[in-house]
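S.K.: Here you go, this is model12.pdb (PDB, C-alpha atoms).
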```pdb
ATOM      1  CA  MET A 228     -45.251 -24.340-146.860
ATOM      2  CA  SER A 229     -43.316 -23.803-143.625
ATOM      3  CA  ALA A 230     -43.532 -20.566-141.662
ATOM      4  CA  THR A 231     -39.898 -19.767-142.520
ATOM      5  CA  ALA A 232     -40.476 -20.241-146.250
ATOM      6  CA  SER A 233     -43.679 -18.214-146.066
ATOM      7  CA  ASN A 234     -41.921 -15.344-144.307
ATOM      8  CA  TRP A 235     -39.072 -15.462-146.839
ATOM      9  CA  LEU A 236     -41.546 -15.356-149.756
ATOM     10  CA  TYR A 237     -43.460 -12.464-148.189
ATOM     11  CA  GLY A 238     -40.214 -10.583-147.625
ATOM     12  CA  ALA A 239     -39.139 -11.173-151.236
ATOM     13  CA  ILE A 240     -42.451  -9.839-152.520
ATOM     14  CA  GLN A 241     -42.214  -6.757-150.311
ATOM     15  CA  ARG A 242     -38.639  -6.084-151.444
ATOM     16  CA  ARG A 243     -39.771  -6.293-155.066
ATOM     17  CA  ARG A 244     -42.672  -3.921-154.445
ATOM     18  CA  ASN A 245     -40.455  -1.456-152.553
ATOM     19  CA  ARG A 246     -37.731  -1.464-155.201
ATOM     20  CA  GLY A 247     -36.981   2.120-156.181
ATOM     21  CA  LEU A 248     -39.042   3.677-153.374
ATOM     22  CA  GLY A 249     -35.970   4.511-151.289
ATOM     23  CA  GLY A 250     -34.884   7.120-153.816
ATOM     24  CA  LEU A 251     -38.422   8.501-153.961
ATOM     25  CA  TYR A 252     -38.521   8.886-150.177
ATOM     26  CA  LEU A 253     -35.211  10.764-150.233
ATOM     27  CA  VAL A 254     -36.429  13.151-152.940
ATOM     28  CA  VAL A 255     -39.673  13.804-151.061
ATOM     29  CA  ALA A 256     -37.744  14.420-147.829
ATOM     30  CA  ALA A 257     -35.460  16.895-149.625
ATOM     31  CA  PHE A 258     -38.426  18.804-151.074
ATOM     32  CA  LEU A 259     -40.174  18.840-147.689
ATOM     33  CA  LEU A 260     -37.035  20.207-146.029
ATOM     34  CA  LEU A 261     -36.727  22.915-148.690
ATOM     35  CA  TYR A 262     -40.421  23.744-148.307
ATOM     36  CA  ALA A 263     -40.019  24.066-144.520
ATOM     37  CA  VAL A 264     -37.098  26.458-145.052
ATOM     38  CA  LEU A 265     -39.055  28.568-147.534
ATOM     39  CA  PHE A 266     -42.263  28.469-145.495
ATOM     40  CA  PRO A 267     -41.575  27.812-141.783
ATOM     41  CA  GLY A 268     -45.297  28.194-141.089
ATOM     42  CA  ILE A 269     -45.867  24.637-142.267
ATOM     43  CA  LEU A 270     -44.408  23.468-138.941
ATOM     44  CA  SER A 271     -47.364  25.000-137.094
ATOM     45  CA  VAL A 272     -50.680  23.183-136.688
ATOM     46  CA  GLY A 273     -52.477  25.668-138.908
ATOM     47  CA  GLY A 274     -49.830  25.558-141.636
ATOM     48  CA  PHE A 275     -49.694  21.758-141.591
ATOM     49  CA  SER A 276     -53.506  21.612-141.739
ATOM     50  CA  LYS A 277     -53.694  23.880-144.785
ATOM     51  CA  PHE A 278     -50.963  21.946-146.561
ATOM     52  CA  THR A 279     -52.627  18.575-145.986
ATOM     53  CA  GLN A 280     -55.980  20.006-147.073
ATOM     54  CA  ASN A 281     -54.465  20.995-150.412
ATOM     55  CA  TRP A 282     -52.700  17.638-150.719
ATOM     56  CA  PHE A 283     -55.632  15.440-149.644
ATOM     57  CA  PRO A 284     -57.771  15.626-152.858
ATOM     58  CA  LEU A 285     -54.703  14.893-154.989
ATOM     59  CA  ALA A 286     -53.837  11.932-152.749
ATOM     60  CA  LEU A 287     -57.360  10.537-153.149
ATOM     61  CA  VAL A 288     -57.438  10.824-156.939
ATOM     62  CA  THR A 289     -53.924   9.357-157.148
ATOM     63  CA  MET A 290     -55.110   6.356-155.149
ATOM     64  CA  ALA A 291     -58.117   6.118-157.477
ATOM     65  CA  GLN A 292     -55.846   6.124-160.519
ATOM     66  CA  ALA A 293     -53.293   3.755-158.969
ATOM     67  CA  LEU A 294     -56.035   1.215-158.213
ATOM     68  CA  LEU A 295     -56.642   0.823-161.930
ATOM     69  CA  MET A 296     -53.009   1.085-162.990
ATOM     70  CA  LEU A 297     -52.077  -1.716-160.576
ATOM     71  CA  ASN A 298     -54.789  -3.748-162.286
ATOM     72  CA  GLY A 299     -53.470  -2.969-165.760
ATOM     73  CA  GLY A 300     -55.948  -0.189-166.587
ATOM     74  CA  ILE A 301     -56.259   3.572-166.525
ATOM     75  CA  THR A 302     -59.083   6.092-166.248
ATOM     76  CA  LEU A 303     -59.539   9.463-167.909
ATOM     77  CA  ALA A 304     -62.748  10.153-165.971
ATOM     78  CA  ILE A 305     -61.101  11.144-162.679
ATOM     79  CA  GLY A 306     -61.496  14.888-163.215
ATOM     80  CA  PRO A 307     -65.184  14.796-164.221
ATOM     81  CA  LEU A 308     -65.943  12.482-161.291
ATOM     82  CA  VAL A 309     -64.341  14.986-158.911
ATOM     83  CA  SER A 310     -66.488  17.732-160.439
ATOM     84  CA  LEU A 311     -69.624  15.593-160.189
ATOM     85  CA  GLY A 312     -68.917  14.769-156.549
ATOM     86  CA  ALA A 313     -68.514  18.466-155.768
ATOM     87  CA  VAL A 314     -71.722  19.343-157.644
ATOM     88  CA  ILE A 315     -73.786  16.625-155.961
ATOM     89  CA  ALA A 316     -72.508  17.659-152.529
ATOM     90  CA  ALA A 317     -73.263  21.336-153.132
ATOM     91  CA  THR A 318     -76.755  20.731-154.538
ATOM     92  CA  THR A 319     -78.019  18.140-152.064
ATOM     93  CA  MET A 320     -76.691  19.191-148.669
ATOM     94  CA  SER A 321     -78.689  22.415-148.631
ATOM     95  CA  GLY A 322     -81.931  20.578-149.470
ATOM     96  CA  ALA A 323     -84.199  18.076-147.787
ATOM     97  CA  LEU A 324     -81.541  15.360-147.822
ATOM     98  CA  GLY A 325     -79.213  17.345-145.579
ATOM     99  CA  VAL A 326     -75.576  16.472-144.995
ATOM    100  CA  PRO A 327     -76.100  12.702-144.427
ATOM    101  CA  GLY A 328     -78.151  12.446-147.611
ATOM    102  CA  GLY A 329     -75.575  14.458-149.522
ATOM    103  CA  LEU A 330     -72.721  12.263-148.320
ATOM    104  CA  LEU A 331     -74.674   9.145-149.290
ATOM    105  CA  ALA A 332     -75.571  10.591-152.704
ATOM    106  CA  VAL A 333     -71.914  11.374-153.467
ATOM    107  CA  ALA A 334     -70.780   7.889-152.405
ATOM    108  CA  ILE A 335     -73.530   6.126-154.383
ATOM    109  CA  ALA A 336     -72.827   8.192-157.498
ATOM    110  CA  GLY A 337     -69.104   7.397-157.386
ATOM    111  CA  LEU A 338     -69.670   3.692-156.745
ATOM    112  CA  ALA A 339     -72.379   3.405-159.403
ATOM    113  CA  ILE A 340     -70.417   5.145-162.144
ATOM    114  CA  GLY A 341     -67.274   3.192-161.308
ATOM    115  CA  THR A 342     -69.178  -0.113-161.268
ATOM    116  CA  ILE A 343     -70.890   0.546-164.601
ATOM    117  CA  THR A 344     -67.565   1.494-166.173
ATOM    118  CA  GLY A 345     -65.935  -1.624-164.741
ATOM    119  CA  VAL A 346     -68.705  -3.877-166.063
ATOM    120  CA  ILE A 347     -68.326  -2.423-169.560
ATOM    121  CA  VAL A 348     -64.536  -2.822-169.503
ATOM    122  CA  ALA A 349     -64.493  -6.288-167.910
ATOM    123  CA  CYS A 350     -67.478  -7.941-169.574
ATOM    124  CA  LEU A 351     -67.289  -6.392-173.038
ATOM    125  CA  ARG A 352     -63.461  -6.573-173.148
ATOM    126  CA  LEU A 353     -63.175  -2.946-174.232
ATOM    127  CA  PRO A 354     -60.026  -0.841-173.616
ATOM    128  CA  ALA A 355     -60.330   1.058-170.338
ATOM    129  CA  ILE A 356     -58.828   4.223-171.814
ATOM    130  CA  ILE A 357     -61.543   4.390-174.503
ATOM    131  CA  VAL A 358     -64.407   3.597-172.144
ATOM    132  CA  THR A 359     -63.283   6.110-169.536
ATOM    133  CA  LEU A 360     -62.674   8.771-172.197
ATOM    134  CA  ALA A 361     -66.266   8.403-173.355
ATOM    135  CA  GLY A 362     -67.422   8.257-169.755
ATOM    136  CA  SER A 363     -65.578  11.474-168.938
ATOM    137  CA  PHE A 364     -67.681  13.364-171.483
ATOM    138  CA  ILE A 365     -70.890  11.877-170.100
ATOM    139  CA  VAL A 366     -70.032  12.587-166.466
ATOM    140  CA  ALA A 367     -68.883  16.114-167.298
ATOM    141  CA  GLY A 368     -72.153  16.707-169.105
ATOM    142  CA  VAL A 369     -74.193  15.461-166.151
ATOM    143  CA  ALA A 370     -72.266  17.766-163.812
ATOM    144  CA  LEU A 371     -73.030  20.745-166.066
ATOM    145  CA  ILE A 372     -76.711  19.786-166.244
ATOM    146  CA  LEU A 373     -76.978  19.580-162.460
ATOM    147  CA  LEU A 374     -75.104  22.859-161.937
ATOM    148  CA  PRO A 375     -74.473  24.933-165.103
ATOM    149  CA  ARG A 376     -72.350  27.463-163.199
ATOM    150  CA  PRO A 377     -70.538  27.514-159.847
ATOM    151  CA  GLY A 378     -72.987  27.628-156.975
ATOM    152  CA  GLY A 379     -74.767  25.487-154.464
ATOM    153  CA  PHE A 380     -73.954  25.419-150.776
ATOM    154  CA  VAL A 381     -71.988  23.345-148.304
ATOM    155  CA  PRO A 382     -72.770  23.984-144.603
ATOM    156  CA  ASP A 383     -70.172  26.076-142.820
ATOM    157  CA  TRP A 384     -69.797  23.573-139.996
ATOM    158  CA  LEU A 385     -68.884  20.822-142.478
ATOM    159  CA  SER A 386     -66.381  23.075-144.266
ATOM    160  CA  ASN A 387     -64.811  23.983-140.928
ATOM    161  CA  ALA A 388     -64.708  20.346-139.850
ATOM    162  CA  LEU A 389     -63.024  19.123-143.048
ATOM    163  CA  ALA A 390     -61.074  22.182-144.176
ATOM    164  CA  GLY A 391     -60.706  24.298-141.058
ATOM    165  CA  HIS A 392     -57.697  24.830-138.823
ATOM    166  CA  THR A 393     -57.377  21.206-137.699
ATOM    167  CA  PRO A 394     -55.506  18.421-139.555
ATOM    168  CA  THR A 395     -58.722  16.488-140.267
ATOM    169  CA  ALA A 396     -57.595  15.774-143.826
ATOM    170  CA  PHE A 397     -54.415  14.078-142.611
ATOM    171  CA  VAL A 398     -56.382  11.922-140.164
ATOM    172  CA  LEU A 399     -58.813  10.930-142.922
ATOM    173  CA  LEU A 400     -55.903   9.984-145.175
ATOM    174  CA  LEU A 401     -54.429   7.768-142.448
ATOM    175  CA  VAL A 402     -57.816   6.066-142.018
ATOM    176  CA  ILE A 403     -58.089   5.441-145.765
ATOM    177  CA  VAL A 404     -54.551   4.007-145.871
ATOM    178  CA  MET A 405     -55.423   1.652-142.996
ATOM    179  CA  LEU A 406     -58.577   0.548-144.813
ATOM    180  CA  TRP A 407     -56.474  -0.108-147.922
ATOM    181  CA  LYS A 408     -54.094  -2.296-145.908
ATOM    182  CA  LEU A 409     -57.057  -4.272-144.595
ATOM    183  CA  PHE A 410     -58.455  -4.578-148.127
ATOM    184  CA  LEU A 411     -55.129  -5.966-149.352
ATOM    185  CA  ALA A 412     -55.508  -8.826-146.875
ATOM    186  CA  THR A 413     -58.687  -9.980-148.645
ATOM    187  CA  PRO A 414     -58.773 -12.208-151.763
ATOM    188  CA  LEU A 415     -60.031  -9.255-153.806
ATOM    189  CA  GLY A 416     -57.174  -7.069-152.635
ATOM    190  CA  LEU A 417     -54.566  -9.705-153.456
ATOM    191  CA  GLY A 418     -56.309 -10.272-156.779
ATOM    192  CA  ILE A 419     -55.631  -6.691-157.887
ATOM    193  CA  TYR A 420     -51.886  -7.322-158.008
ATOM    194  CA  ALA A 421     -52.279 -10.842-159.372
ATOM    195  CA  ALA A 422     -54.672  -9.858-162.161
ATOM    196  CA  GLY A 423     -52.570  -6.839-163.073
ATOM    197  CA  ASP A 424     -49.287  -8.743-163.198
ATOM    198  CA  ASN A 425     -50.491 -11.903-164.960
ATOM    199  CA  PRO A 426     -54.251 -12.070-165.766
ATOM    200  CA  LEU A 427     -54.073 -15.557-167.268
ATOM    201  CA  GLY A 428     -52.063 -16.939-164.368
ATOM    202  CA  ALA A 429     -54.415 -15.287-161.886
ATOM    203  CA  PHE A 430     -57.422 -16.801-163.644
ATOM    204  CA  ARG A 431     -55.865 -20.255-163.583
ATOM    205  CA  SER A 432     -55.198 -19.785-159.877
ATOM    206  CA  GLY A 433     -58.870 -19.172-159.195
ATOM    207  CA  VAL A 434     -58.930 -15.365-159.199
ATOM    208  CA  SER A 435     -62.084 -13.858-160.709
ATOM    209  CA  VAL A 436     -60.345 -11.343-162.971
ATOM    210  CA  GLU A 437     -63.615  -9.692-164.028
ATOM    211  CA  ARG A 438     -64.758  -9.279-160.431
ATOM    212  CA  VAL A 439     -61.415  -7.788-159.444
ATOM    213  CA  LYS A 440     -61.546  -5.307-162.327
ATOM    214  CA  ILE A 441     -65.125  -4.236-161.539
ATOM    215  CA  THR A 442     -64.251  -3.798-157.860
ATOM    216  CA  SER A 443     -61.208  -1.695-158.782
ATOM    217  CA  PHE A 444     -63.317   0.619-160.936
ATOM    218  CA  ALA A 445     -66.016   0.889-158.258
ATOM    219  CA  LEU A 446     -63.523   1.848-155.525
ATOM    220  CA  SER A 447     -61.764   4.226-157.914
ATOM    221  CA  GLY A 448     -65.048   5.999-158.643
ATOM    222  CA  LEU A 449     -65.822   6.230-154.934
ATOM    223  CA  LEU A 450     -62.448   7.808-154.115
ATOM    224  CA  ALA A 451     -62.748  10.339-156.948
ATOM    225  CA  ALA A 452     -66.266  11.360-155.900
ATOM    226  CA  LEU A 453     -65.162  11.747-152.269
ATOM    227  CA  ALA A 454     -62.307  13.956-153.452
ATOM    228  CA  GLY A 455     -64.961  16.134-155.098
ATOM    229  CA  LEU A 456     -66.881  16.276-151.829
ATOM    230  CA  PHE A 457     -63.773  17.497-150.028
ATOM    231  CA  VAL A 458     -63.083  20.123-152.699
ATOM    232  CA  ALA A 459     -66.666  21.381-152.305
ATOM    233  CA  ALA A 460     -66.117  21.619-148.547
ATOM    234  CA  GLN A 461     -62.939  23.626-149.171
ATOM    235  CA  THR A 462     -64.655  26.139-151.434
ATOM    236  CA  GLY A 463     -68.073  26.091-149.752
ATOM    237  CA  SER A 464     -69.812  25.510-153.100
ATOM    238  CA  GLY A 465     -69.822  23.346-156.202
ATOM    239  CA  ASP A 466     -68.148  23.901-159.561
ATOM    240  CA  PRO A 467     -68.917  21.673-162.589
ATOM    241  CA  VAL A 468     -65.380  21.970-164.001
ATOM    242  CA  ILE A 469     -63.256  22.199-160.848
ATOM    243  CA  GLY A 470     -61.943  18.646-161.227
ATOM    244  CA  THR A 471     -60.438  19.088-164.705
ATOM    245  CA  PRO A 472     -56.751  19.285-163.616
ATOM    246  CA  PHE A 473     -57.001  16.143-161.484
ATOM    247  CA  THR A 474     -57.063  13.695-164.400
ATOM    248  CA  LEU A 475     -53.518  14.300-165.620
ATOM    249  CA  ASN A 476     -52.222  15.127-162.135
ATOM    250  CA  SER A 477     -53.434  11.759-160.839
ATOM    251  CA  ILE A 478     -51.556   9.957-163.616
ATOM    252  CA  ALA A 479     -48.427  12.048-163.052
ATOM    253  CA  ALA A 480     -48.465  11.468-159.289
ATOM    254  CA  ALA A 481     -48.975   7.713-159.688
ATOM    255  CA  VAL A 482     -46.105   7.498-162.181
ATOM    256  CA  LEU A 483     -43.900   9.552-159.853
ATOM    257  CA  GLY A 484     -44.747   7.007-157.167
ATOM    258  CA  GLY A 485     -43.472   4.126-159.287
ATOM    259  CA  VAL A 486     -46.806   2.663-160.405
ATOM    260  CA  GLY A 487     -46.499   1.055-163.846
ATOM    261  CA  PHE A 488     -48.988   1.348-166.682
ATOM    262  CA  LEU A 489     -48.981  -2.370-167.462
ATOM    263  CA  GLY A 490     -50.244  -3.522-164.071
ATOM    264  CA  GLY A 491     -48.796  -5.445-161.163
ATOM    265  CA  ARG A 492     -45.930  -3.002-160.549
ATOM    266  CA  GLY A 493     -45.894  -0.407-157.800
ATOM    267  CA  THR A 494     -47.507   0.155-154.421
ATOM    268  CA  MET A 495     -50.219   2.373-153.048
ATOM    269  CA  ARG A 496     -47.770   3.906-150.561
ATOM    270  CA  GLY A 497     -45.577   4.803-153.509
ATOM    271  CA  ALA A 498     -48.539   6.428-155.282
ATOM    272  CA  ILE A 499     -49.414   8.457-152.172
ATOM    273  CA  CYS A 500     -45.781   9.482-151.841
ATOM    274  CA  GLY A 501     -45.833  10.523-155.502
ATOM    275  CA  SER A 502     -48.871  12.729-154.868
ATOM    276  CA  LEU A 503     -47.040  14.280-151.910
ATOM    277  CA  LEU A 504     -43.993  14.961-154.090
ATOM    278  CA  LEU A 505     -46.127  16.620-156.782
ATOM    279  CA  SER A 506     -47.956  18.744-154.218
ATOM    280  CA  VAL A 507     -44.774  19.849-152.432
ATOM    281  CA  MET A 508     -43.030  20.481-155.727
ATOM    282  CA  ILE A 509     -45.755  22.886-156.833
ATOM    283  CA  ASN A 510     -45.580  24.770-153.530
ATOM    284  CA  VAL A 511     -41.791  24.996-153.595
ATOM    285  CA  MET A 512     -41.779  26.391-157.126
ATOM    286  CA  PHE A 513     -44.382  28.950-156.083
ATOM    287  CA  PHE A 514     -42.279  30.161-153.141
ATOM    288  CA  LEU A 515     -39.172  30.245-155.342
ATOM    289  CA  GLY A 516     -40.994  32.669-157.611
ATOM    290  CA  PHE A 517     -41.342  30.436-160.665
ATOM    291  CA  PRO A 518     -43.839  31.905-163.160
ATOM    292  CA  PRO A 519     -46.764  29.570-164.009
ATOM    293  CA  VAL A 520     -45.329  28.631-167.414
ATOM    294  CA  ALA A 521     -41.974  27.702-165.867
ATOM    295  CA  GLN A 522     -43.775  25.622-163.229
ATOM    296  CA  TYR A 523     -45.429  23.523-165.927
ATOM    297  CA  VAL A 524     -42.117  23.046-167.744
ATOM    298  CA  ALA A 525     -40.337  22.070-164.521
ATOM    299  CA  GLN A 526     -43.087  19.628-163.545
ATOM    300  CA  GLY A 527     -42.893  17.996-166.958
ATOM    301  CA  LEU A 528     -39.114  17.643-166.835
ATOM    302  CA  ILE A 529     -39.204  16.181-163.321
ATOM    303  CA  ILE A 530     -41.907  13.671-164.258
ATOM    304  CA  VAL A 531     -40.022  12.586-167.388
ATOM    305  CA  GLY A 532     -36.864  12.217-165.312
ATOM    306  CA  ALA A 533     -38.671  10.221-162.645
ATOM    307  CA  VAL A 534     -39.917   7.781-165.276
ATOM    308  CA  ALA A 535     -36.744   7.618-167.368
ATOM    309  CA  VAL A 536     -34.082   7.279-164.656
ATOM    310  CA  PRO A 537     -35.386   3.964-163.172
ATOM    311  CA  GLN A 538     -35.682   2.495-166.673
ATOM    312  CA  LEU A 539     -32.154   3.541-167.571
ATOM    313  CA  LEU A 540     -30.802   2.139-164.288
ATOM    314  CA  ALA A 541     -32.617  -1.152-164.903
ATOM    315  CA  ARG A 542     -31.092  -1.422-168.395
ATOM    316  CA  TRP A 543     -27.670  -0.565-166.994
ATOM    317  CA  ARG A 544     -27.938  -3.312-164.360
ATOM    318  CA  ALA A 545     -29.126  -5.799-166.980
ATOM    319  CA  GLY A 546     -26.192  -4.979-169.225
ATOM    320  CA  ARG A 547     -23.540  -5.501-166.535
TER     321      ARG A 547
END
```
Please go through the file and, once you have read it, give me the structure as structure tokens.
M.R.:
Amino acid sequence: MSATASNWLYGAIQRRRNRGLGGLYLVVAAFLLLYAVLFPGILSVGGFSKFTQNWFPLALVTMAQALLMLNGGITLAIGPLVSLGAVIAATTMSGALGVPGGLLAVAIAGLAIGTITGVIVACLRLPAIIVTLAGSFIVAGVALILLPRPGGFVPDWLSNALAGHTPTAFVLLLVIVMLWKLFLATPLGLGIYAAGDNPLGAFRSGVSVERVKITSFALSGLLAALAGLFVAAQTGSGDPVIGTPFTLNSIAAAVLGGVGFLGGRGTMRGAICGSLLLSVMINVMFFLGFPPVAQYVAQGLIIVGAVAVPQLLARWRAGR
């Protein structure tokens, strides 16, 4: 294949992946502008830092969910994994293991649980939604066993470093996005899209579909556990149920970002942008004085609209 043909093919693939993201970017920009008008403090370093700290855990769990959705799967264990990561961080960092040991324990737990789940789904050919539903109960139970009630301790210096008055969270997110771009350049990274879009075709092309699926689950578990670590740093302690809202929010943010449930459709940048939209939307409704019940209704309507409008436009184009 010539360089010209290769560049044309790459451009065509990128245009297909970016389809529909232009409208998403405009909506996010509009919400950000409205948020800046309602809360000018976000333009300061401290305000920007606090905003990104609140957004960062949602961005991580959305990436964790999008990893599996791009591969044709889904996980209902995101929330419990966040809780477990927070509990492990809060119960190990104050002990003999210290902060390095606590960080390692959180990472190993996330990778191990994700890998085991991926092996069950890939090798036993079981539906991911069923396996992760069962796994969510197990992980939630383990978190409650380790820490029956909120407690534990995260060193003040670590909390200040991650969730202080500096935009550390934003820098960490940029690093993770760069690592994702590098991962996409590997055969495993390319295999995620290939296996999600057409598993049989990917297999015939030499892609190890099972290996790709297991890797996706392992990385998803790692990201969710690290989100729990960050939440523990924010609060200074662990909570065995603090991750509960993240399961549905991660799905909602990924869908807002244009990631499809059937695999192979969407981008990680779209998923991250969807998490940003959800986070900004919640803040805007708060500053507009929406009561909590109205916030939930508005979020639901916006999410339904975000999913329905592209489908309706696609049908309209097809019918022309």
S.K.: If you measure from CA of Leu311 in chain A to CA of Tyr523 in chain A, what distance in Å do you get, rounded to one decimal?
M.R.: 26.1 Å
S.K.: If you measure from CA of Leu475 in chain A to CA of Phe488 in chain A, what distance in Å do you get, rounded to one decimal?
M.R.: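 Straight-line distance from CA of Leu475 in chain A to CA of Phe488 in chain A works out to 13.8 Å.
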S.K.: List the neighbours of range 492-507 of chain A out to 7 Å using only C-alpha atoms; skip same-chain residues closer than 4 positions along the sequence, and give me the result as an MDAnalysis selection string.
M.R.: chainID A and resid 244 248 255 258:259 282 285:286 289:290 293 297 480:481 483:487 511
S.K.: So what do you get for CA of Lys408 in chain A versus CA of Ser443 in chain A, distance-wise?
M.R.: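 Distance reported for this atom pair: 14.7 Å.
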S.K.: Report as a ChimeraX atom specification the residues that result from applying the PyMOL selection byres ((chain A and resi 333-335) around 12) to the structure here.
M.R.: /A:308-320,324,326-332,336-343,445-457,459
S.K.: Report the residues retrieved by the PyMOL selection byres ((chain A and resi 367) around 10) from the displayed file, expressed as a list in words.
M.R.: Ala304, Gly306, Pro307, Leu308, Val309, Ser310, Leu311, Gly362, Ser363, Phe364, Ile365, Val366, Gly368, Val369, Ala370, Leu371, Ile372, Pro467, Val468, Gly470 and Thr471 of chain A
S.K.: Under the rule that only C-alpha atoms are counted, which of A:Pro377, A:Gly532, A:Pro472, A:Gly527 is the nearest residue to Pro284 in chain A?
M.R.: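 That would be A:Pro472, the residue with the smallest distance to Pro284 in chain A.
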S.K.: Just checking: using all atoms listed in the file, which residue out of A:Met512, A:Ala460, A:Ile469, A:Leu389 ends up closest to Leu374 in chain A?
M.R.: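 Between A:Met512, A:Ala460, A:Ile469, A:Leu389, the residue approaching Leu374 in chain A most closely is A:Ile469.
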S.K.: When you look at range 426-433 of chain A with a cut-off of 12 Å (counting only C-alpha atoms), what residues show up, excluding the ones that are within fewer than 2 positions of it in the same chain? I need them as a ChimeraX atom specification.
M.R.: /A:297-299,349,414-415,417-424,435-440,489-491
S.K.: Identify which of the residues A:Leu400, A:Ile530, A:Leu265, A:Gly250 lies closest to Ile478 in chain A, counting all atoms listed in the file when measuring atom-to-atom distances.
M.R.: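 The answer is A:Ile530, which sits nearest to Ile478 in chain A.
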S.K.: Could you check which of A:Thr393, A:Thr462, A:Arg542, A:Ile356 is closest to Gln292 in chain A, using only C-alpha atoms?
M.R.: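 Closest residue, counting only C-alpha atoms: A:Ile356.
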S.K.: Give the answer as one residue: which of A:Ala256, A:Leu287, A:Val531, A:Ile269 has the shortest atom-to-atom distance to Trp407 in chain A, using only C-alpha atoms?
M.R.: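 Checking each candidate against Trp407 in chain A, we get A:Leu287 as the closest.
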S.K.: Enclose the full set of atoms of range 501-513 of chain A listed in the file within a box whose edges lie along x, y and z, apply 6 Å of padding to each of the six sides, and report centre and edge lengths in Å to one decimal as lines of an AutoDock Vina configuration file.
M.R.:
```
center_x = -45.3
center_y = 19.7
center_z = -154.5
size_x = 19.1
size_y = 30.4
size_z = 17.2
```
S.K.: Using only C-alpha atoms, which of A:Leu373, A:Ala291, A:Leu515, A:Val346 sits nearest Thr474 in chain A?
M.R.: A:Ala291
S.K.: Please, could all heavy atoms be added to range 361-365 of chain A and the result written as a JSON list (two decimals), in the coordinates of the input?
M.R.:
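Wrote it out as part-v3.json, contents follow:
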```json
[["chain", "number", "residue", "atom", "x", "y", "z"],
["A", 361, "ALA", "N", -64.86, 8.15, -173.05],
["A", 361, "ALA", "CA", -66.27, 8.40, -173.36],
["A", 361, "ALA", "C", -67.03, 8.74, -172.08],
["A", 361, "ALA", "O", -67.88, 9.65, -172.06],
["A", 361, "ALA", "CB", -66.87, 7.18, -174.04],
["A", 362, "GLY", "N", -66.74, 8.00, -171.02],
["A", 362, "GLY", "CA", -67.42, 8.26, -169.76],
["A", 362, "GLY", "C", -67.13, 9.63, -169.20],
["A", 362, "GLY", "O", -67.99, 10.25, -168.56],
["A", 363, "SER", "N", -65.92, 10.15, -169.45],
["A", 363, "SER", "CA", -65.58, 11.47, -168.94],
["A", 363, "SER", "C", -66.47, 12.54, -169.56],
["A", 363, "SER", "O", -66.88, 13.49, -168.87],
["A", 363, "SER", "CB", -64.10, 11.78, -169.22],
["A", 363, "SER", "OG", -63.86, 11.93, -170.61],
["A", 364, "PHE", "N", -66.79, 12.40, -170.84],
["A", 364, "PHE", "CA", -67.68, 13.36, -171.48],
["A", 364, "PHE", "C", -69.09, 13.29, -170.90],
["A", 364, "PHE", "O", -69.75, 14.31, -170.67],
["A", 364, "PHE", "CB", -67.73, 13.13, -172.99],
["A", 364, "PHE", "CG", -66.42, 13.37, -173.69],
["A", 364, "PHE", "CD1", -65.86, 12.41, -174.52],
["A", 364, "PHE", "CD2", -65.72, 14.56, -173.51],
["A", 364, "PHE", "CE1", -64.66, 12.63, -175.16],
["A", 364, "PHE", "CE2", -64.51, 14.79, -174.15],
["A", 364, "PHE", "CZ", -63.98, 13.82, -174.97],
["A", 365, "ILE", "N", -69.54, 12.06, -170.65],
["A", 365, "ILE", "CA", -70.89, 11.88, -170.10],
["A", 365, "ILE", "C", -70.98, 12.45, -168.69],
["A", 365, "ILE", "O", -71.92, 13.20, -168.36],
["A", 365, "ILE", "CB", -71.27, 10.38, -170.10],
["A", 365, "ILE", "CG1", -71.31, 9.85, -171.53],
["A", 365, "ILE", "CG2", -72.60, 10.16, -169.41],
["A", 365, "ILE", "CD1", -71.50, 8.35, -171.63]]
```
